[in-house]
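Asks: upload_9.csv (CSV, C-alpha atoms) pasted underneath:
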```
chain,number,residue,atom,x,y,z
A,1,MET,CA,-19.6,-1.6,-4.3
A,2,GLU,CA,-22.2,-4.0,-3.0
A,3,THR,CA,-21.3,-5.8,0.2
A,4,MET,CA,-20.4,-9.4,-0.5
A,5,THR,CA,-20.4,-12.2,2.1
A,6,TYR,CA,-17.1,-14.1,1.7
A,7,SER,CA,-16.6,-17.8,2.2
A,8,GLU,CA,-14.9,-19.1,5.4
A,9,SER,CA,-11.7,-19.8,3.4
A,10,THR,CA,-11.6,-16.2,2.1
A,11,GLN,CA,-12.4,-14.8,5.5
A,12,GLU,CA,-9.5,-16.9,7.0
A,13,PHE,CA,-7.2,-15.5,4.3
A,14,LEU,CA,-8.3,-11.9,5.0
A,15,THR,CA,-7.9,-12.5,8.8
A,16,LEU,CA,-4.3,-13.8,8.1
A,17,LEU,CA,-3.6,-10.5,6.4
A,18,ASN,CA,-5.0,-8.4,9.3
A,19,THR,CA,-7.5,-6.7,6.9
A,20,PRO,CA,-10.4,-4.7,8.3
A,21,ALA,CA,-13.7,-6.6,8.8
A,22,ASP,CA,-15.3,-4.7,5.9
A,23,PHE,CA,-12.4,-5.3,3.5
A,24,GLN,CA,-13.4,-6.3,-0.1
A,25,THR,CA,-12.1,-5.9,-3.6
A,26,GLU,CA,-13.8,-6.3,-7.0
A,27,ALA,CA,-11.5,-9.3,-7.8
A,28,LEU,CA,-12.5,-11.0,-4.5
A,29,ASP,CA,-16.1,-10.4,-5.2
A,30,LEU,CA,-15.9,-11.9,-8.7
A,31,LEU,CA,-14.0,-15.0,-7.4
A,32,GLU,CA,-16.5,-15.5,-4.7
A,33,ALA,CA,-19.5,-15.0,-7.0
A,34,GLY,CA,-18.0,-17.7,-9.3
A,35,LYS,CA,-17.3,-20.0,-6.3
A,36,SER,CA,-13.7,-20.2,-7.4
A,37,ARG,CA,-11.6,-22.7,-5.7
A,38,TYR,CA,-8.5,-20.6,-6.5
A,39,LEU,CA,-8.9,-18.6,-3.3
A,40,ALA,CA,-8.1,-21.7,-1.2
A,41,ASP,CA,-5.0,-22.3,-3.3
A,42,LEU,CA,-3.9,-18.7,-2.9
A,43,LYS,CA,-4.4,-18.8,0.9
A,44,ILE,CA,-2.2,-22.0,1.1
A,45,ASN,CA,0.4,-20.6,-1.2
A,46,PHE,CA,0.6,-17.4,0.9
A,47,LYS,CA,0.8,-19.3,4.2
A,48,ASN,CA,3.5,-21.7,2.7
A,49,SER,CA,5.6,-18.6,1.8
A,50,PHE,CA,6.5,-18.2,5.5
A,51,GLU,CA,7.7,-21.8,5.7
A,52,SER,CA,11.2,-21.7,4.2
A,53,GLU,CA,14.4,-23.6,5.0
A,54,HIS,CA,16.4,-20.9,3.2
A,55,LEU,CA,14.9,-17.6,4.3
A,56,THR,CA,14.3,-16.4,7.9
A,57,LYS,CA,10.9,-15.0,8.8
A,58,LYS,CA,12.5,-11.6,9.0
A,59,GLU,CA,13.9,-12.0,5.5
A,60,VAL,CA,10.5,-13.2,4.2
A,61,SER,CA,8.9,-10.1,5.7
A,62,LEU,CA,11.5,-7.7,4.3
A,63,LEU,CA,11.2,-9.3,0.9
A,64,GLY,CA,7.5,-8.9,1.3
A,65,VAL,CA,7.9,-5.2,2.1
A,66,ALA,CA,9.9,-4.7,-1.1
A,67,LEU,CA,7.6,-6.7,-3.3
A,68,ALA,CA,4.4,-5.2,-2.0
A,69,SER,CA,6.0,-1.8,-2.5
A,70,ASN,CA,7.0,-2.8,-6.0
A,71,ASN,CA,3.4,-3.8,-6.7
A,72,ASN,CA,2.0,-0.6,-5.2
A,73,ASN,CA,0.0,-2.7,-2.9
A,74,THR,CA,-1.0,-0.9,0.4
A,75,PRO,CA,-2.7,-3.8,2.2
A,76,LEU,CA,0.2,-6.2,1.6
A,77,LEU,CA,2.8,-3.5,2.4
A,78,LYS,CA,1.1,-2.9,5.8
A,79,PHE,CA,0.9,-6.6,6.4
A,80,PHE,CA,4.6,-7.3,5.7
A,81,GLU,CA,5.7,-4.1,7.5
A,82,GLY,CA,3.9,-5.3,10.6
A,83,ASN,CA,5.5,-8.8,10.2
A,84,ALA,CA,8.9,-7.3,9.7
A,85,LYS,CA,8.7,-5.2,12.9
A,86,GLN,CA,7.4,-8.3,14.7
A,87,GLU,CA,10.5,-10.2,13.5
A,88,GLY,CA,12.8,-7.4,14.8
A,89,ALA,CA,13.4,-5.4,11.6
A,90,SER,CA,14.4,-1.8,12.2
A,91,ALA,CA,13.0,1.3,10.5
A,92,GLU,CA,16.2,1.5,8.5
A,93,GLU,CA,15.9,-2.1,7.3
A,94,ILE,CA,12.3,-1.6,6.3
A,95,ALA,CA,13.2,1.7,4.5
A,96,GLU,CA,16.0,0.0,2.6
A,97,ALA,CA,13.7,-2.8,1.4
A,98,ILE,CA,11.4,-0.1,-0.1
A,99,ALA,CA,14.3,1.9,-1.5
A,100,CYS,CA,15.7,-1.2,-3.1
A,101,ALA,CA,12.4,-1.9,-4.8
A,102,SER,CA,12.3,1.7,-6.1
A,103,LEU,CA,15.9,1.7,-7.3
A,104,LEU,CA,15.5,-1.7,-9.0
A,105,SER,CA,12.3,-0.5,-10.8
A,106,ALA,CA,14.4,2.3,-12.3
A,107,ASN,CA,17.2,-0.1,-13.3
A,108,ASN,CA,14.8,-2.7,-14.7
A,109,VAL,CA,13.3,-0.1,-17.0
A,110,LEU,CA,16.7,1.1,-18.2
A,111,TYR,CA,18.3,-2.3,-18.6
A,112,ARG,CA,15.2,-3.8,-20.3
A,113,PHE,CA,15.3,-1.0,-22.8
A,114,ARG,CA,19.0,-1.6,-23.5
A,115,HIS,CA,18.3,-5.3,-23.9
A,116,PHE,CA,15.3,-4.9,-26.1
A,117,ALA,CA,16.8,-2.2,-28.3
A,118,LYS,CA,19.9,-4.3,-29.0
A,119,LYS,CA,21.9,-1.3,-29.9
A,120,GLU,CA,25.4,-1.0,-28.5
A,121,LYS,CA,25.2,2.8,-28.5
A,122,TYR,CA,22.6,2.7,-25.6
A,123,ASN,CA,25.0,0.5,-23.6
A,124,GLU,CA,27.7,3.2,-24.0
A,125,ILE,CA,25.6,6.1,-22.8
A,126,PRO,CA,26.0,6.5,-19.0
A,127,ALA,CA,22.9,5.5,-17.0
A,128,ARG,CA,23.1,8.6,-14.7
A,129,ILE,CA,21.0,6.9,-12.0
A,130,LYS,CA,22.4,7.3,-8.5
A,131,MET,CA,22.8,4.0,-6.7
A,132,ASN,CA,24.7,4.9,-3.5
A,133,ILE,CA,22.4,2.7,-1.5
A,134,MET,CA,24.0,-0.3,-3.1
A,135,GLY,CA,27.4,0.6,-1.6
A,136,ARG,CA,26.8,-0.2,2.0
A,137,PRO,CA,23.4,-1.7,2.4
A,138,VAL,CA,21.9,-1.8,5.9
A,139,ASN,CA,20.7,-5.4,5.3
A,140,GLY,CA,24.0,-6.6,3.9
A,141,LYS,CA,25.2,-7.0,0.4
A,142,GLU,CA,23.9,-10.6,-0.1
A,143,PHE,CA,20.3,-9.7,1.1
A,144,PHE,CA,20.3,-6.5,-1.0
A,145,GLU,CA,21.2,-8.6,-4.0
A,146,LEU,CA,18.4,-11.1,-3.1
A,147,ILE,CA,15.8,-8.3,-2.9
A,148,SER,CA,17.2,-6.9,-6.2
A,149,LEU,CA,16.8,-10.3,-7.9
A,150,ALA,CA,13.2,-10.8,-6.6
A,151,VAL,CA,12.1,-7.4,-7.8
A,152,SER,CA,13.9,-7.8,-11.1
A,153,ALA,CA,12.1,-11.2,-11.7
A,154,VAL,CA,8.7,-9.5,-11.1
A,155,ASN,CA,9.6,-6.6,-13.4
A,156,GLY,CA,10.8,-9.0,-16.1
A,157,CYS,CA,14.3,-7.7,-16.6
A,158,GLU,CA,16.5,-10.5,-18.0
A,159,ARG,CA,19.8,-8.6,-17.7
A,160,CYS,CA,19.1,-7.7,-14.0
A,161,VAL,CA,18.0,-11.2,-13.1
A,162,SER,CA,21.1,-12.7,-14.6
A,163,SER,CA,23.4,-10.1,-13.0
A,164,HIS,CA,21.9,-10.4,-9.5
A,165,GLU,CA,21.7,-14.2,-9.6
A,166,ALA,CA,25.4,-14.3,-10.6
A,167,SER,CA,26.3,-11.9,-7.7
A,168,LEU,CA,24.4,-14.0,-5.2
A,169,ILE,CA,26.2,-17.2,-6.2
A,170,GLU,CA,29.5,-15.3,-6.0
A,171,LEU,CA,28.6,-14.1,-2.5
A,172,GLY,CA,27.9,-17.7,-1.5
A,173,SER,CA,24.1,-18.0,-1.8
A,174,ARG,CA,22.7,-21.4,-2.7
A,175,GLU,CA,20.3,-21.8,-5.6
A,176,GLU,CA,17.6,-23.0,-3.2
A,177,ARG,CA,17.8,-19.6,-1.4
A,178,VAL,CA,17.6,-17.7,-4.7
A,179,PHE,CA,14.6,-19.9,-5.8
A,180,GLU,CA,12.8,-19.4,-2.5
A,181,ALA,CA,13.0,-15.6,-2.9
A,182,VAL,CA,11.7,-15.7,-6.5
A,183,ARG,CA,8.9,-18.1,-5.4
A,184,LEU,CA,7.9,-15.7,-2.7
A,185,ALA,CA,7.9,-12.9,-5.3
A,186,ALA,CA,5.6,-15.0,-7.5
A,187,VAL,CA,3.1,-15.6,-4.6
A,188,ILE,CA,3.1,-12.0,-3.5
A,189,THR,CA,2.5,-10.8,-7.0
A,190,SER,CA,-0.3,-13.2,-7.5
A,191,ALA,CA,-1.9,-12.1,-4.2
A,192,SER,CA,-1.5,-8.4,-5.4
A,193,LYS,CA,-4.0,-9.1,-8.2
A,194,ILE,CA,-6.7,-9.9,-5.7
A,195,ILE,CA,-5.8,-8.1,-2.5
A,196,TYR,CA,-5.4,-4.3,-3.2
```
Re-express the file's structure as structure tokens.
Replies:
Amino acid sequence: METMTYSESTQEFLTLLNTPADFQTEALDLLEAGKSRYLADLKINFKNSFESEHLTKKEVSLLGVALASNNNNTPLLKFFEGNAKQEGASAEEIAEAIACASLLSANNVLYRFRHFAKKEKYNEIPARIKMNIMGRPVNGKEFFELISLAVSAVNGCERCVSSHEASLIELGSREERVFEAVRLAAVITSASKIIY
């Protein structure tokens, strides 16, 4: 890949993400070559994700770990892992965020299939997917449900989104908190298309 000189706005975004000085992607190169104003929007959207009245910085970082893991995005995973540690997250809390993303990816495939197939027989067959991690989550039941909802929203599983949203409301979460988690999921997913 030919070395591209990035604009000041893009360089600021990459600095925010603690990327190496020589970091570049094909998507960034194409956006820069086209003088796209979108990169400025993405930088602002990403920075604004850390300003939440309904999520702590530690929660934003742990959600980021789960969502970056769900998107198979190493640079964003490293970024959010570093932030999570800086915000006091333990190795167990970080591991659980990744485990939650992995488990929900399995559940999302299975429950989307059951939903799309629209055949009662598939609902009767046991899932046979171990979910012990859901029993006593390190980060607490409510936050585990919040990560589950955000990952399910990214993966497009209607059944899982509905189920986890209902659980969150039952556990006392406010809709604003739920929405903030999903908005964060949207922003991280959009960044994953360009930073990889």
Asks: Have a look at A:Thr189, A:Asn132, A:Ser61, A:Asn108 and name the one nearest to Leu149 in chain A; count all atoms listed in the file.
Replies: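 The answer is A:Asn108, which sits nearest to Leu149 in chain A.
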Asks: Between A:Lys118, A:Ile194, A:Ala153, A:Glu180, which residue has the minimum interatomic distance to Phe23 in chain A, considering only C-alpha atoms?
Replies: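 Comparing A:Lys118, A:Ile194, A:Ala153, A:Glu180 against Phe23 in chain A, the winner is A:Ile194.
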Asks: Please work out which residues fall within 12 Å of (17.4, -4.2, -13.8), coordinates as given in the file, with all atoms listed in the file counting, and return them as a ChimeraX atom specification.
Replies: /A:100-115,127,129,145,147-165
Asks: Using only C-alpha atoms - which residues lie no farther than 7 Å from the point (-11.3, -4.4, -1.3) in the file's frame? Write them as a list in words.
Replies: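 Residues with an atom at most 7 Å from (-11.3, -4.4, -1.3): Phe23, Gln24, Thr25, Glu26, Ile195 and Tyr196 of chain A.
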Asks: One decimal, Å: what's the distance from CA of Leu77 in chain A over to CA of Ala185 in chain A, could you say?
Replies: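 Going from CA of Leu77 in chain A over to CA of Ala185 in chain A, I get 13.2 Å.
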Asks: Ranking A:Lys35, A:Ser190, A:Asn48, A:Thr5 by minimum distance to Asp22 in chain A and counting all atoms listed in the file, which one comes first?
Replies: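 Among the listed residues, the smallest separation from Asp22 in chain A belongs to A:Thr5.
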